[in-house]
Amino acid sequence: MKTGNINTIAKWDLINNCWNYNIDDTNLGKSLAIANYTPIINNEKEKINYIIIGYGSRVEDHSKDSKTIKEKEVRIDNTLNYFQKLNSNYNIKLFLMDADAPIIEDAKLLAQYIDLLASQENTNTINIIALSKCGAMSFYMPSFFKNPYSFQKTNIFNAATPYRGTKLASPLIFYPEVKQLVINMIGDHKLTDLIYKNLIKFYESISSNSHMDYDIAVPNGIPKDKLNCYDSSFIPNIFQENNINAIKRINGFKNIVTTIDDKTFREAAKTMNFTGMGLCLINKIFFENKSDGMVYCEDQKNVESVLDIHSYTITSHHSVNTNIKAFNNILDLVNDSIEEEKEKKLSLKI
């Protein structure tokens with residue numbers, strides 16, 4: 001089995017509000033990092049197409065040693081197999097967020113990394129597949145480019161993006177809904193409190209309980225004792241003029257909406273995708289069947305009027321990277337964009 005070698009870049013210091021580049025072993029799992037997989041070289045004469053995938057997850061979500069990530073842990077195996085079959089050259093990377101950094105700071109460091117890739121002569125395209133909170137991050141990112149080649153070579157593919165935030169990252173909104181659900185089901189207040197506390201305890205055990213999750217909260221959704229690790233301006237300012245102008249300068253931008261239908265739960269069950277099944281249930285219980293289990297579908301379309309574009313819609317729960325059929329639809333969009341760019345450059349030569 002192939003593994004991705006993790007290059008840890010920096011750890012956010014919440015006390016001093018700055019990046020720390022001297023990372024001790026205890027913080028490796030929560031640090032901003034890039035996992036690199038062996039490049040796919042199908043044609044020695046062609047340049048490299050970089051595929052950088054951001055799932056909105058951190059190192060410790062996928063790796064025990066914080067040094068390597070097995071390809072099946074994050075379903076990068078499917079992406080590697082997809083591009084292995086094509087004619088061009090590809091370099092697949094996984095972007096892993098810092099647990100504590102304001103998401104806008106993650107965007108700045110990723111922009112620096114793309115500036116570096118874009119400056120290399122053998123770079124053909126840089127394709128960012130940004131899922132969930134990484135989609136919100138990627139909308140800010142081009143405004144931090146310093147290299148003009150970054151605009152020329154970058155394509156962004158946003159999927160399941162919470163442009164208006166999500167209540168699942170908003171304790172003041174989501175927790176009362178959870179408690180009311182338990183009360184409606186059980187009634188006994190003593191038992192309700194016990195079950196509710198354990199549900200919240202489990203929920204917080206899989207959350208960063210910091211900027212990485214809180215920054216995509218619905219406005220006024222974060223309690224006062226968490227405000228030190230919450231950027232209240234991130235979601236409200238996502239469509240600020242600087243971001244919109246920068247997005248319009250990049251080579252390509254596509255928005256993908258994920259939506260659950262009657263078959264989504266059955267398909268998740270067939271593949272024993274427990275995350276997918278859980279998201280389908282959350283969609284029904286907390287989102288009135290109007291979401292992908294995490295973000296309202298209409299909120300994912302919020303970018304359309306801003307950029308005057310139409311979104312692509314695929315049927316999937318929010319964890320689209322674990323839904324191979326759906327994720328391949330996204331990879332098709334990426335490949336089509338790369339092929340179009342190749343044809344455009346070829347016609348210019350002729």
# chains A, B, ... in the order shown; residues from 1 in each chain; ligands from 1
>>> residues_around(residues="Asn5 (chain A)", least_positions_apart="3", cutoff="6 Å", atoms="only C-alpha atoms", output="mmCIF file with C-alpha atoms, in the first residue's frame")
data_model
loop_
_atom_site.group_PDB
_atom_site.id
_atom_site.type_symbol
_atom_site.label_atom_id
_atom_site.label_comp_id
_atom_site.auth_asym_id
_atom_site.auth_seq_id
_atom_site.Cartn_x
_atom_site.Cartn_y
_atom_site.Cartn_z
ATOM 1 C CA ALA A 35 0.922 14.919 2.488
ATOM 2 C CA ASN A 36 2.828 14.117 -0.705
ATOM 3 C CA THR A 68 2.726 9.115 6.881
#
>>> select_by_dssp(residues="region 31-167 of chain A", states="strand (DSSP E)", output="PyMOL selection string")
chain A and resi 32-36+48-54+68-70+89-96+123-131+154-159
>>> residues_around(residues="region 51-64 of chain A", least_positions_apart="3", cutoff="7 Å", atoms="only C-alpha atoms", output="PyMOL selection string")
chain A and resi 29-30+68-69+73-74+91-99+126-134
>>> write_last_selection(atoms="N, CA and C atoms", output="PDB file, in the first residue's frame")
ATOM      1  N   GLY A  29       0.346  16.349  15.127  1.00  0.00           N
ATOM      2  CA  GLY A  29      -0.957  15.909  14.649  1.00  0.00           C
ATOM      3  C   GLY A  29      -1.954  17.026  14.433  1.00  0.00           C
ATOM      4  N   LYS A  30      -1.686  18.189  15.034  1.00  0.00           N
ATOM      5  CA  LYS A  30      -2.608  19.323  14.924  1.00  0.00           C
ATOM      6  C   LYS A  30      -2.063  20.431  14.029  1.00  0.00           C
ATOM      7  N   THR A  68       3.225   9.717   8.118  1.00  0.00           N
ATOM      8  CA  THR A  68       2.726   9.115   6.881  1.00  0.00           C
ATOM      9  C   THR A  68       1.209   8.938   6.960  1.00  0.00           C
ATOM     10  N   ILE A  69       0.576   8.918   5.779  1.00  0.00           N
ATOM     11  CA  ILE A  69      -0.858   8.645   5.694  1.00  0.00           C
ATOM     12  C   ILE A  69      -1.081   7.587   4.622  1.00  0.00           C
ATOM     13  N   GLU A  73      -6.707   5.548   3.896  1.00  0.00           N
ATOM     14  CA  GLU A  73      -7.216   6.281   5.057  1.00  0.00           C
ATOM     15  C   GLU A  73      -8.037   7.486   4.632  1.00  0.00           C
ATOM     16  N   VAL A  74      -7.682   8.078   3.526  1.00  0.00           N
ATOM     17  CA  VAL A  74      -8.351   9.293   3.070  1.00  0.00           C
ATOM     18  C   VAL A  74      -8.940   9.116   1.665  1.00  0.00           C
ATOM     19  N   ASN A  91       0.769  15.235  -9.889  1.00  0.00           N
ATOM     20  CA  ASN A  91       1.357  15.173  -8.562  1.00  0.00           C
ATOM     21  C   ASN A  91       0.228  15.417  -7.566  1.00  0.00           C
ATOM     22  N   ILE A  92      -0.132  14.380  -6.811  1.00  0.00           N
ATOM     23  CA  ILE A  92      -1.281  14.427  -5.903  1.00  0.00           C
ATOM     24  C   ILE A  92      -0.817  14.793  -4.494  1.00  0.00           C
ATOM     25  N   LYS A  93      -1.466  15.779  -3.901  1.00  0.00           N
ATOM     26  CA  LYS A  93      -1.118  16.210  -2.552  1.00  0.00           C
ATOM     27  C   LYS A  93      -2.389  16.363  -1.711  1.00  0.00           C
ATOM     28  N   LEU A  94      -2.247  16.165  -0.420  1.00  0.00           N
ATOM     29  CA  LEU A  94      -3.350  16.350   0.514  1.00  0.00           C
ATOM     30  C   LEU A  94      -3.006  17.485   1.469  1.00  0.00           C
ATOM     31  N   PHE A  95      -3.874  18.495   1.510  1.00  0.00           N
ATOM     32  CA  PHE A  95      -3.673  19.633   2.406  1.00  0.00           C
ATOM     33  C   PHE A  95      -4.373  19.354   3.727  1.00  0.00           C
ATOM     34  N   LEU A  96      -3.646  19.477   4.831  1.00  0.00           N
ATOM     35  CA  LEU A  96      -4.171  19.194   6.164  1.00  0.00           C
ATOM     36  C   LEU A  96      -4.109  20.455   7.018  1.00  0.00           C
ATOM     37  N   MET A  97      -5.240  20.823   7.584  1.00  0.00           N
ATOM     38  CA  MET A  97      -5.369  22.105   8.279  1.00  0.00           C
ATOM     39  C   MET A  97      -4.764  22.072   9.674  1.00  0.00           C
ATOM     40  N   ASP A  98      -4.397  23.249  10.137  1.00  0.00           N
ATOM     41  CA  ASP A  98      -3.999  23.403  11.536  1.00  0.00           C
ATOM     42  C   ASP A  98      -5.267  23.445  12.385  1.00  0.00           C
ATOM     43  N   ALA A  99      -5.273  22.737  13.495  1.00  0.00           N
ATOM     44  CA  ALA A  99      -6.464  22.651  14.334  1.00  0.00           C
ATOM     45  C   ALA A  99      -6.824  23.985  14.980  1.00  0.00           C
ATOM     46  N   ILE A 126      -2.294  24.022 -11.371  1.00  0.00           N
ATOM     47  CA  ILE A 126      -2.444  23.726  -9.946  1.00  0.00           C
ATOM     48  C   ILE A 126      -3.943  23.684  -9.682  1.00  0.00           C
ATOM     49  N   ASN A 127      -4.433  22.532  -9.304  1.00  0.00           N
ATOM     50  CA  ASN A 127      -5.873  22.311  -9.175  1.00  0.00           C
ATOM     51  C   ASN A 127      -6.220  22.030  -7.723  1.00  0.00           C
ATOM     52  N   ILE A 128      -6.988  22.934  -7.129  1.00  0.00           N
ATOM     53  CA  ILE A 128      -7.368  22.815  -5.725  1.00  0.00           C
ATOM     54  C   ILE A 128      -8.772  22.223  -5.643  1.00  0.00           C
ATOM     55  N   ILE A 129      -8.882  21.020  -5.078  1.00  0.00           N
ATOM     56  CA  ILE A 129     -10.193  20.432  -4.793  1.00  0.00           C
ATOM     57  C   ILE A 129     -10.469  20.694  -3.324  1.00  0.00           C
ATOM     58  N   ALA A 130     -11.376  21.616  -3.063  1.00  0.00           N
ATOM     59  CA  ALA A 130     -11.595  22.086  -1.692  1.00  0.00           C
ATOM     60  C   ALA A 130     -12.979  21.675  -1.203  1.00  0.00           C
ATOM     61  N   LEU A 131     -12.998  20.802  -0.205  1.00  0.00           N
ATOM     62  CA  LEU A 131     -14.259  20.317   0.338  1.00  0.00           C
ATOM     63  C   LEU A 131     -14.588  21.033   1.647  1.00  0.00           C
ATOM     64  N   SER A 132     -15.867  21.303   1.830  1.00  0.00           N
ATOM     65  CA  SER A 132     -16.368  21.833   3.092  1.00  0.00           C
ATOM     66  C   SER A 132     -15.671  23.132   3.489  1.00  0.00           C
ATOM     67  N   LYS A 133     -15.126  23.196   4.702  1.00  0.00           N
ATOM     68  CA  LYS A 133     -14.505  24.434   5.181  1.00  0.00           C
ATOM     69  C   LYS A 133     -13.313  24.844   4.335  1.00  0.00           C
ATOM     70  N   CYS A 134     -12.689  23.879   3.657  1.00  0.00           N
ATOM     71  CA  CYS A 134     -11.581  24.222   2.757  1.00  0.00           C
ATOM     72  C   CYS A 134     -12.086  25.013   1.553  1.00  0.00           C
TER      73      CYS A 134
END
>>> closest_residue(among="A:Ile330, A:Thr315, A:Ala136, A:Asn155", to="Arg249 (chain A)", atoms="only C-alpha atoms")
A:Asn155
>>> residues_around(residues="Val218 (chain A)", least_positions_apart="3", cutoff="12 Å", atoms="only C-alpha atoms", output="count of residues only")
29
>>> closest_residue(among="A:Ala118, A:Ala246, A:Leu307, A:Ile156", to="Ile338 (chain A)", atoms="only C-alpha atoms")
A:Ile156
>>> residues_around(residues="region 38-40 of chain A", least_positions_apart="5", cutoff="8 Å", atoms="only C-alpha atoms", output="list in words")
Gly4, Phe83, Gln84, Asn89, Tyr90, Asn91 and Ile92 of chain A
>>> closest_residue(among="A:Ser337, A:Asn87, A:Asn289, A:Thr123", to="Asn42 (chain A)", atoms="only C-alpha atoms")
A:Asn87
>>> closest_atom_pairs(of="region 125-203 of chain A", to="region 254-266 of chain A", cutoff="7 Å", atoms="only C-alpha atoms", output="JSON lines")
{"residue": "A:Ile156", "atom": "CA", "partner": "A:Lys254", "partner_atom": "CA", "distance": 6.4}
{"residue": "A:Phe157", "atom": "CA", "partner": "A:Lys254", "partner_atom": "CA", "distance": 4.9}
{"residue": "A:Asn158", "atom": "CA", "partner": "A:Asn255", "partner_atom": "CA", "distance": 4.9}
{"residue": "A:Ala159", "atom": "CA", "partner": "A:Ile256", "partner_atom": "CA", "distance": 4.5}
{"residue": "A:Ala160", "atom": "CA", "partner": "A:Val257", "partner_atom": "CA", "distance": 5.5}
>>> write_last_selection(atoms="C-alpha atoms", output="PDB file, in the first residue's frame")
ATOM      1  CA  ILE A 156     -10.332  25.906  -7.801  1.00  0.00           C
ATOM      2  CA  PHE A 157     -13.101  23.331  -7.395  1.00  0.00           C
ATOM      3  CA  ASN A 158     -15.228  24.050  -4.324  1.00  0.00           C
ATOM      4  CA  ALA A 159     -17.564  21.312  -3.097  1.00  0.00           C
ATOM      5  CA  ALA A 160     -20.073  21.280  -0.214  1.00  0.00           C
TER       6      ALA A 160
END
